[in-house]
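K.L.:
Before I ask anything, here is the structure I am working with.
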Amino acid sequence: MTTVSSYQEPEAQGAERRPDDVMADDVIRVMAPDGTVIDDIGIDDETAVALYQAMLRTRIVDDRAVTLQRQGRIGFHIGSLGEEASIIGSAFALRDQDWIFPCYREFGAALLRGLSMQTYMDNLYGNANDIVKGRQMPDHWCDREHRIASVSSPIGTQITNAVGFAWAAALKNDPLAVLVYFGDGATSSNEFHNGLNFAGVNATPTVFLCRNNGWAISVPTDKQTASESFAAKGVAYGVPAVRVDGNDVFAVLKVTRDALTRASAGEGPTLIEAITYRLSGHSTSDDPTRYRPEGEAEAWEQRDPLLRMRRYLAERVNWGDAEQASAEQAIHHEVKAAIEVSENTPKPALETLFEGVYAEMPWHLREQQAELLAGTRAPGHGE
Amino acid sequence: MSTTTMRYREAIRSAIDEEMVRDKNVFLMGEEVGHYQGAYKVSEGLLEKFGENRVIDTPIAECGFAGIGIGAAMTGLRPVIEFMTWNFSAVAFDQILNNAAKMRQMSGGQFNVPIVFRGPNASARQVGSQHSHAMEHFYAHIPGLKVVAPATPADAKGLLKTAIRDNNPVIFLESETLYTFKGEVPDEPDYTVPFGKGRVAREGKDCTIISWSRLLQVSLQAAETLAADGIDVEVIDLRSLRPLDEDLLIASIEKTHRAVVAYEGWPYGGVGAEIVDRLQRLAFDELDAPVLRVCNLDVPMPYNAALEQQVIPQANRIIDAVRQVSYRQ
């Protein structure tokens, strides 16, 4: 990791306010990019270190997964480079009983909630121990034990599912809230409209977290909306909305906590727009240098959420190169061990192909299963 | 077994009512199902009986309340989602295809989606090209879904009760033109009709007509006319399109050696083509003639009554097809 000694804030865009204007006066910030605290929200040092380590773990796993994909050892990865504060800060705010309906970049939140590194790695490999049994692409996991619903590929469809889940829980007097993640692109989807509308009408305990990372694959925010912000869309649905500096982990934690307080008091949903930046491509299948203006990513690297926390910790707890190296080493070791196990785990058994299509296996699938197991087998990729 | 004469819509209502009494996790959601008492009055009286937490009027967005129902089902509730008509389910297709049908499989078995999507399907007399779709052909294609299409009040009630108790997503196809159709319905509160079991609606020995939903009634009329002409037709009511009762179809072909499939929907692919494939594959040696399909003409449904009647299968077209496979022109 590089250290940036001096940091120059960009100018607010003023009258020309746009969704990517992180300096706009309505954007909540607790910690300045240079690591100084603007508004003390009472986070103790131990918590601050835990938040940083979770972000660091996310970053290192991300980096390793991209390498694995480039080496042809896994098929795909979709990560959260640069967006760690939005993901970790919000997931950290959740109470045990709360649920996450993920988009597809939130593996960091899953690891934070208790999904083991091994289970995550097994999902990247789609092997016999994959929690979704090799049925979904890498990073499309589901972890009911830690109260995380299935990752959905079609954009935005998790939003109405999350609202339905929260609404049903409220009907059953189950005191939980649901945090649903999506990107800025998903605000153009049917489900964003339908989810916020239903949540507004029925005051469901839902926290909508829009990771405004500037890009929907190659489409910038100014081609996604003519609104001055994504939070502005809450007004039309009667859903209170806030904008937050998505690279300020304390601020994201604070606004998510506030939203959860509202949800649990029966005051209904909140829309959070976390302004951040996708420092990577959309996924390992994308090359952002083909469409991203020169210098844009470099400017956002100055606002890296991990650097910000590191500056803060240096000041608060003397977090220096030794602490950093030791933390990185521990994570690298954990990741390496998990990769080794995943690579030596066999593929899912053929007969599992037919399980779970229906609650009970119908006769025609039993027949197909028997036929497959008895007959000539097609070679898999790379076999 | 004692029975009560009921209309098709009353049979559906009574299934929902009884299941909501039996299981507090069951609820009804859709457009106009509550205060308006249902666009086709299927849900009449249910709001008054069960209250606003269990009979939910939604904003007008099928994609929205299909997704919300799926989320609710993931908590263990058992939603009955009414589409005002199945035509409007097209905007919810992604939720049904990608989330309802696949959630269990995609999650490695971590989530069930016990949900019923129901409403009137196919033609409904002069409602034009966008309101006349037979949607079973789209949904029956999808593994993970079960698809049923009752033709009588008794089956409407029995199949809907089975659907609500099932742990899989179920596509339940009604017919607007059947809502007033009367029949005897068993009074037994646990009366259900199993999925994957068709029934012989009329016994015969010369040719088999295979049908479901409204076209079953048209096929029975055709069979009467043919009987007067000396052709003794067996009529099969499939009831369940996925799973499909292959055994019943094969048993009938072994007896009659001829078959016509009569249904609403376009000719290209679909449930009718699936049935023909199974008959030729599983009973090739039993067939004395090619299996014919009597279905919609391959055009969007016209509004004009005279034209519409030409597009939808009528008894005369079924009769012609039976004569053709019987080599009795």
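For the structure tokens, the naming scheme is as follows: chains receive sequential letters (A, B, ...) according to their order of presentation, residues are indexed from 1 within each chain, and ligands are indexed from 1 in presentation order.
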Return as an MDAnalysis selection string the residues belonging to chain B that are within 6 Å of chain A, counting only C-alpha atoms.
P.N.:
chainID B and resid 64 67:72 104:105 107:109 144
K.L.:
As a ChimeraX atom specification, please: the residues near Met29 in chain B (cut-off 8 Å, only C-alpha atoms, same-chain neighbours under 2 positions excluded).
P.N.:
/B:27,31,33,54-58,65,69,79-82
K.L.:
Include N, CA and C atoms and write out the residues we just selected as a short mmCIF file (atom, residue, chain, number, x, y, z; two decimals), in the first residue's frame.
P.N.:
data_model
loop_
_atom_site.label_atom_id
_atom_site.label_comp_id
_atom_site.auth_asym_id
_atom_site.auth_seq_id
_atom_site.Cartn_x
_atom_site.Cartn_y
_atom_site.Cartn_z
N PHE B 27 -51.27 -15.73 2.65
CA PHE B 27 -51.92 -14.44 2.43
C PHE B 27 -52.14 -14.20 0.94
N GLU B 31 -53.36 -6.72 -7.33
CA GLU B 31 -54.07 -5.48 -7.65
C GLU B 31 -55.56 -5.70 -7.45
N VAL B 33 -57.38 -6.77 -5.11
CA VAL B 33 -57.89 -7.99 -4.45
C VAL B 33 -58.66 -7.68 -3.17
N ARG B 54 -53.62 -9.55 5.60
CA ARG B 54 -53.58 -10.83 4.89
C ARG B 54 -54.23 -10.75 3.51
N VAL B 55 -54.89 -9.65 3.23
CA VAL B 55 -55.42 -9.43 1.88
C VAL B 55 -54.90 -8.05 1.47
N ILE B 56 -53.89 -8.05 0.61
CA ILE B 56 -53.10 -6.83 0.41
C ILE B 56 -53.30 -6.28 -1.00
N ASP B 57 -53.83 -5.06 -1.04
CA ASP B 57 -53.90 -4.32 -2.30
C ASP B 57 -52.54 -3.72 -2.58
N THR B 58 -52.03 -3.96 -3.77
CA THR B 58 -50.68 -3.49 -4.08
C THR B 58 -50.71 -2.31 -5.05
N PHE B 65 -44.78 -6.56 -7.06
CA PHE B 65 -45.36 -7.45 -6.03
C PHE B 65 -45.01 -8.91 -6.25
N GLY B 69 -43.50 -10.65 -3.07
CA GLY B 69 -44.03 -11.95 -2.66
C GLY B 69 -42.92 -12.98 -2.49
N PRO B 79 -47.27 -16.87 0.14
CA PRO B 79 -48.08 -15.89 -0.59
C PRO B 79 -48.88 -16.52 -1.73
N VAL B 80 -50.10 -16.01 -1.90
CA VAL B 80 -50.88 -16.29 -3.11
C VAL B 80 -50.92 -14.95 -3.85
N ILE B 81 -50.23 -14.89 -4.98
CA ILE B 81 -50.11 -13.64 -5.73
C ILE B 81 -51.09 -13.67 -6.89
N GLU B 82 -52.03 -12.73 -6.89
CA GLU B 82 -52.99 -12.68 -8.00
C GLU B 82 -52.50 -11.71 -9.07
#
K.L.:
I'd like the interatomic distance between CA of Arg95 in chain A and CA of Gly42 in chain A, to a tenth of an Å.
P.N.:
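Value for the CA of Arg95 in chain A-CA of Gly42 in chain A distance: 17.7 Å.
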K.L.:
Just checking: using only C-alpha atoms, which residue out of B:Leu47, B:Ile142, B:Val260, B:Leu173 ends up closest to Asn87 in chain B?
P.N.:
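Nearest candidate to Asn87 in chain B out of B:Leu47, B:Ile142, B:Val260, B:Leu173: B:Leu173.
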K.L.:
Can you tell me which residues surround Val116 in chain B at a distance of at most 9 Å, considering only C-alpha atoms, apart from same-chain residues fewer than 6 positions away, and format the answer as a PyMOL selection string?
P.N.:
chain B and resi 78-82+160+163-164+166+168-172
K.L.:
Please dump the current selection as a PDB file, in the first residue's frame; keep N, CA and C atoms.
P.N.:
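File produced: out04.pdb:
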ATOM      1  N   ARG B  78     -46.500 -17.951   2.973  1.00  0.00           N
ATOM      2  CA  ARG B  78     -46.945 -18.652   1.758  1.00  0.00           C
ATOM      3  C   ARG B  78     -47.877 -17.736   0.958  1.00  0.00           C
ATOM      4  N   PRO B  79     -47.273 -16.869   0.143  1.00  0.00           N
ATOM      5  CA  PRO B  79     -48.075 -15.889  -0.586  1.00  0.00           C
ATOM      6  C   PRO B  79     -48.881 -16.520  -1.731  1.00  0.00           C
ATOM      7  N   VAL B  80     -50.104 -16.012  -1.904  1.00  0.00           N
ATOM      8  CA  VAL B  80     -50.880 -16.288  -3.115  1.00  0.00           C
ATOM      9  C   VAL B  80     -50.922 -14.954  -3.848  1.00  0.00           C
ATOM     10  N   ILE B  81     -50.228 -14.892  -4.980  1.00  0.00           N
ATOM     11  CA  ILE B  81     -50.109 -13.640  -5.730  1.00  0.00           C
ATOM     12  C   ILE B  81     -51.092 -13.674  -6.892  1.00  0.00           C
ATOM     13  N   GLU B  82     -52.028 -12.729  -6.892  1.00  0.00           N
ATOM     14  CA  GLU B  82     -52.990 -12.678  -8.000  1.00  0.00           C
ATOM     15  C   GLU B  82     -52.504 -11.714  -9.072  1.00  0.00           C
ATOM     16  N   LEU B 160     -55.829 -25.846  -6.302  1.00  0.00           N
ATOM     17  CA  LEU B 160     -55.322 -24.637  -5.640  1.00  0.00           C
ATOM     18  C   LEU B 160     -54.900 -24.947  -4.204  1.00  0.00           C
ATOM     19  N   ALA B 163     -51.639 -26.482  -4.467  1.00  0.00           N
ATOM     20  CA  ALA B 163     -50.639 -25.463  -4.831  1.00  0.00           C
ATOM     21  C   ALA B 163     -50.192 -24.675  -3.602  1.00  0.00           C
ATOM     22  N   ILE B 164     -51.141 -24.275  -2.773  1.00  0.00           N
ATOM     23  CA  ILE B 164     -50.808 -23.457  -1.603  1.00  0.00           C
ATOM     24  C   ILE B 164     -49.981 -24.272  -0.602  1.00  0.00           C
ATOM     25  N   ASP B 166     -47.914 -26.669  -1.415  1.00  0.00           N
ATOM     26  CA  ASP B 166     -46.682 -27.146  -2.039  1.00  0.00           C
ATOM     27  C   ASP B 166     -45.503 -26.240  -1.663  1.00  0.00           C
ATOM     28  N   ASN B 168     -42.966 -25.596  -3.570  1.00  0.00           N
ATOM     29  CA  ASN B 168     -42.371 -25.054  -4.789  1.00  0.00           C
ATOM     30  C   ASN B 168     -43.239 -23.906  -5.304  1.00  0.00           C
ATOM     31  N   PRO B 169     -42.654 -23.030  -6.125  1.00  0.00           N
ATOM     32  CA  PRO B 169     -43.496 -22.025  -6.776  1.00  0.00           C
ATOM     33  C   PRO B 169     -44.445 -22.691  -7.772  1.00  0.00           C
ATOM     34  N   VAL B 170     -45.707 -22.296  -7.746  1.00  0.00           N
ATOM     35  CA  VAL B 170     -46.717 -22.906  -8.613  1.00  0.00           C
ATOM     36  C   VAL B 170     -47.388 -21.825  -9.465  1.00  0.00           C
ATOM     37  N   ILE B 171     -47.496 -22.114 -10.753  1.00  0.00           N
ATOM     38  CA  ILE B 171     -48.210 -21.263 -11.701  1.00  0.00           C
ATOM     39  C   ILE B 171     -49.616 -21.842 -11.823  1.00  0.00           C
ATOM     40  N   PHE B 172     -50.631 -21.083 -11.403  1.00  0.00           N
ATOM     41  CA  PHE B 172     -52.008 -21.568 -11.363  1.00  0.00           C
ATOM     42  C   PHE B 172     -52.827 -20.759 -12.369  1.00  0.00           C
TER      43      PHE B 172
END
K.L.:
Between B:Arg239, B:Lys41, B:Lys255, B:His141, which has the minimum distance to Gly119 in chain B (counting only C-alpha atoms)?
P.N.:
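Among B:Arg239, B:Lys41, B:Lys255, B:His141, it is B:Lys41 that comes nearest to Gly119 in chain B.
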K.L.:
Which residues come within 9 Å of Val299 in chain B, counting only C-alpha atoms, excluding same-chain residues fewer than 3 positions away, as a ChimeraX atom specification?
P.N.:
/B:129,266,296,302,311
K.L.:
Go ahead and write the selection's residues with C-alpha atoms as a PDB file, in the first residue's frame.
P.N.:
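Produced file out.pdb, reproduced below:
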ATOM      1  CA  SER B 129     -53.809  -8.939 -28.710  1.00  0.00           C
ATOM      2  CA  TRP B 266     -49.559 -20.362 -30.730  1.00  0.00           C
ATOM      3  CA  ASN B 296     -54.443 -20.690 -32.128  1.00  0.00           C
ATOM      4  CA  PRO B 302     -57.607  -9.807 -33.133  1.00  0.00           C
ATOM      5  CA  VAL B 311     -58.017 -17.617 -34.301  1.00  0.00           C
TER       6      VAL B 311
END
K.L.:
DSSP on the backbone: what in range 50-130 of chain A comes out helix (DSSP H, G or I), as a ChimeraX atom specification?
P.N.:
/A:50-70,84-93,107-113,117-125
K.L.:
Please measure the separation of CA of Tyr303 in chain B and CA of Ala149 in chain B, giving the value in Å to one decimal.
P.N.:
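Calculated distance between CA of Tyr303 in chain B and CA of Ala149 in chain B is 24.3 Å.
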K.L.:
Hey, can you check how far CA of Cys103 in chain A sits from CA of Pro19 in chain A?
P.N.:
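According to the coordinates, CA of Cys103 in chain A and CA of Pro19 in chain A are separated by 20.0 Å.
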K.L.:
Which residues, written as a list in words, have at least one atom at most 12 Å from Ser116 in chain A, with only C-alpha atoms counted and residues fewer than 3 positions away on the same chain left out?
P.N.:
Phe107, Gly108, Ala109, Ala110, Leu111, Leu112, Arg113, Thr119, Tyr120, Met121, Asp122, Asn123, Asp130, Ile131, Asp143, Glu145, His146, Glu334, Val335 and Ala338 of chain A
K.L.:
Go through range 48-206 of chain B and collect every residue that DSSP, computed from the backbone, puts in strand (DSSP E); the answer should be as a VMD selection string.
P.N.:
chain B and resid 55 to 57 78 to 82 116 to 120 146 to 148 170 to 174 182 to 186 199 to 202
K.L.:
What lies within 8 Å of Val207 in chain A using only C-alpha atoms, ignoring chain neighbours under 3 positions off, as a list in words?
P.N.:
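Close residues of Val207 in chain A: Ala177, Val178, Leu179, Val180, Thr256, Ala259, Leu260, Ala263, Pro269, Thr270, Leu271 and Ile272 of chain A.
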K.L.:
What does the file look like for those residues with all heavy atoms, as a PDB file, in the first residue's frame?
P.N.:
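Okay, out-v2.pdb is ready:
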ATOM      1  N   ALA A 177     -34.362  -5.705  10.568  1.00  0.00           N
ATOM      2  CA  ALA A 177     -34.346  -4.793   9.417  1.00  0.00           C
ATOM      3  C   ALA A 177     -33.544  -5.467   8.312  1.00  0.00           C
ATOM      4  O   ALA A 177     -32.776  -6.392   8.566  1.00  0.00           O
ATOM      5  CB  ALA A 177     -33.707  -3.471   9.800  1.00  0.00           C
ATOM      6  N   VAL A 178     -33.755  -5.018   7.088  1.00  0.00           N
ATOM      7  CA  VAL A 178     -33.048  -5.584   5.939  1.00  0.00           C
ATOM      8  C   VAL A 178     -32.244  -4.477   5.263  1.00  0.00           C
ATOM      9  O   VAL A 178     -32.779  -3.410   4.948  1.00  0.00           O
ATOM     10  CB  VAL A 178     -34.033  -6.216   4.929  1.00  0.00           C
ATOM     11  CG1 VAL A 178     -33.283  -6.739   3.710  1.00  0.00           C
ATOM     12  CG2 VAL A 178     -34.838  -7.331   5.577  1.00  0.00           C
ATOM     13  N   LEU A 179     -30.957  -4.745   5.079  1.00  0.00           N
ATOM     14  CA  LEU A 179     -30.076  -3.832   4.342  1.00  0.00           C
ATOM     15  C   LEU A 179     -29.919  -4.391   2.935  1.00  0.00           C
ATOM     16  O   LEU A 179     -29.469  -5.524   2.769  1.00  0.00           O
ATOM     17  CB  LEU A 179     -28.712  -3.764   5.039  1.00  0.00           C
ATOM     18  CG  LEU A 179     -27.565  -3.066   4.291  1.00  0.00           C
ATOM     19  CD1 LEU A 179     -27.852  -1.582   4.084  1.00  0.00           C
ATOM     20  CD2 LEU A 179     -26.251  -3.242   5.062  1.00  0.00           C
ATOM     21  N   VAL A 180     -30.329  -3.611   1.945  1.00  0.00           N
ATOM     22  CA  VAL A 180     -30.199  -4.095   0.561  1.00  0.00           C
ATOM     23  C   VAL A 180     -29.220  -3.201  -0.196  1.00  0.00           C
ATOM     24  O   VAL A 180     -29.308  -1.983  -0.159  1.00  0.00           O
ATOM     25  CB  VAL A 180     -31.574  -4.196  -0.155  1.00  0.00           C
ATOM     26  CG1 VAL A 180     -32.338  -2.877  -0.149  1.00  0.00           C
ATOM     27  CG2 VAL A 180     -31.402  -4.694  -1.597  1.00  0.00           C
ATOM     28  N   THR A 256     -25.972   4.443   8.469  1.00  0.00           N
ATOM     29  CA  THR A 256     -26.665   3.152   8.458  1.00  0.00           C
ATOM     30  C   THR A 256     -27.281   2.887   9.833  1.00  0.00           C
ATOM     31  O   THR A 256     -28.418   2.419   9.933  1.00  0.00           O
ATOM     32  CB  THR A 256     -25.692   2.011   8.071  1.00  0.00           C
ATOM     33  OG1 THR A 256     -24.970   2.385   6.918  1.00  0.00           O
ATOM     34  CG2 THR A 256     -26.452   0.714   7.804  1.00  0.00           C
ATOM     35  N   ALA A 259     -30.363   4.860  10.128  1.00  0.00           N
ATOM     36  CA  ALA A 259     -31.439   4.262   9.319  1.00  0.00           C
ATOM     37  C   ALA A 259     -32.027   3.048  10.048  1.00  0.00           C
ATOM     38  O   ALA A 259     -33.245   2.823  10.035  1.00  0.00           O
ATOM     39  CB  ALA A 259     -30.900   3.852   7.954  1.00  0.00           C
ATOM     40  N   LEU A 260     -31.161   2.272  10.694  1.00  0.00           N
ATOM     41  CA  LEU A 260     -31.638   1.093  11.429  1.00  0.00           C
ATOM     42  C   LEU A 260     -32.473   1.514  12.641  1.00  0.00           C
ATOM     43  O   LEU A 260     -33.467   0.862  12.978  1.00  0.00           O
ATOM     44  CB  LEU A 260     -30.451   0.236  11.884  1.00  0.00           C
ATOM     45  CG  LEU A 260     -29.727  -0.503  10.763  1.00  0.00           C
ATOM     46  CD1 LEU A 260     -28.386  -1.055  11.252  1.00  0.00           C
ATOM     47  CD2 LEU A 260     -30.586  -1.642  10.207  1.00  0.00           C
ATOM     48  N   ALA A 263     -35.780   2.327  11.277  1.00  0.00           N
ATOM     49  CA  ALA A 263     -36.486   1.107  10.858  1.00  0.00           C
ATOM     50  C   ALA A 263     -37.044   0.377  12.077  1.00  0.00           C
ATOM     51  O   ALA A 263     -38.200  -0.050  12.083  1.00  0.00           O
ATOM     52  CB  ALA A 263     -35.546   0.197  10.082  1.00  0.00           C
ATOM     53  N   PRO A 269     -38.540   2.982   5.848  1.00  0.00           N
ATOM     54  CA  PRO A 269     -37.278   2.830   5.112  1.00  0.00           C
ATOM     55  C   PRO A 269     -36.451   4.109   5.025  1.00  0.00           C
ATOM     56  O   PRO A 269     -36.965   5.204   5.247  1.00  0.00           O
ATOM     57  CB  PRO A 269     -37.760   2.433   3.721  1.00  0.00           C
ATOM     58  CG  PRO A 269     -39.089   3.109   3.584  1.00  0.00           C
ATOM     59  CD  PRO A 269     -39.708   3.100   4.955  1.00  0.00           C
ATOM     60  N   THR A 270     -35.181   3.922   4.676  1.00  0.00           N
ATOM     61  CA  THR A 270     -34.269   5.033   4.398  1.00  0.00           C
ATOM     62  C   THR A 270     -33.470   4.674   3.148  1.00  0.00           C
ATOM     63  O   THR A 270     -33.094   3.517   2.972  1.00  0.00           O
ATOM     64  CB  THR A 270     -33.255   5.220   5.561  1.00  0.00           C
ATOM     65  OG1 THR A 270     -33.987   5.344   6.785  1.00  0.00           O
ATOM     66  CG2 THR A 270     -32.395   6.459   5.353  1.00  0.00           C
ATOM     67  N   LEU A 271     -33.253   5.657   2.317  1.00  0.00           N
ATOM     68  CA  LEU A 271     -32.372   5.485   1.161  1.00  0.00           C
ATOM     69  C   LEU A 271     -31.043   6.177   1.458  1.00  0.00           C
ATOM     70  O   LEU A 271     -31.026   7.362   1.799  1.00  0.00           O
ATOM     71  CB  LEU A 271     -33.018   6.102  -0.092  1.00  0.00           C
ATOM     72  CG  LEU A 271     -32.134   6.231  -1.352  1.00  0.00           C
ATOM     73  CD1 LEU A 271     -31.650   4.882  -1.848  1.00  0.00           C
ATOM     74  CD2 LEU A 271     -32.903   6.959  -2.465  1.00  0.00           C
ATOM     75  N   ILE A 272     -29.965   5.414   1.367  1.00  0.00           N
ATOM     76  CA  ILE A 272     -28.631   5.981   1.569  1.00  0.00           C
ATOM     77  C   ILE A 272     -27.895   5.974   0.235  1.00  0.00           C
ATOM     78  O   ILE A 272     -27.807   4.925  -0.408  1.00  0.00           O
ATOM     79  CB  ILE A 272     -27.819   5.144   2.586  1.00  0.00           C
ATOM     80  CG1 ILE A 272     -28.512   5.144   3.954  1.00  0.00           C
ATOM     81  CG2 ILE A 272     -26.382   5.658   2.695  1.00  0.00           C
ATOM     82  CD1 ILE A 272     -27.909   4.139   4.942  1.00  0.00           C
TER      83      ILE A 272
END
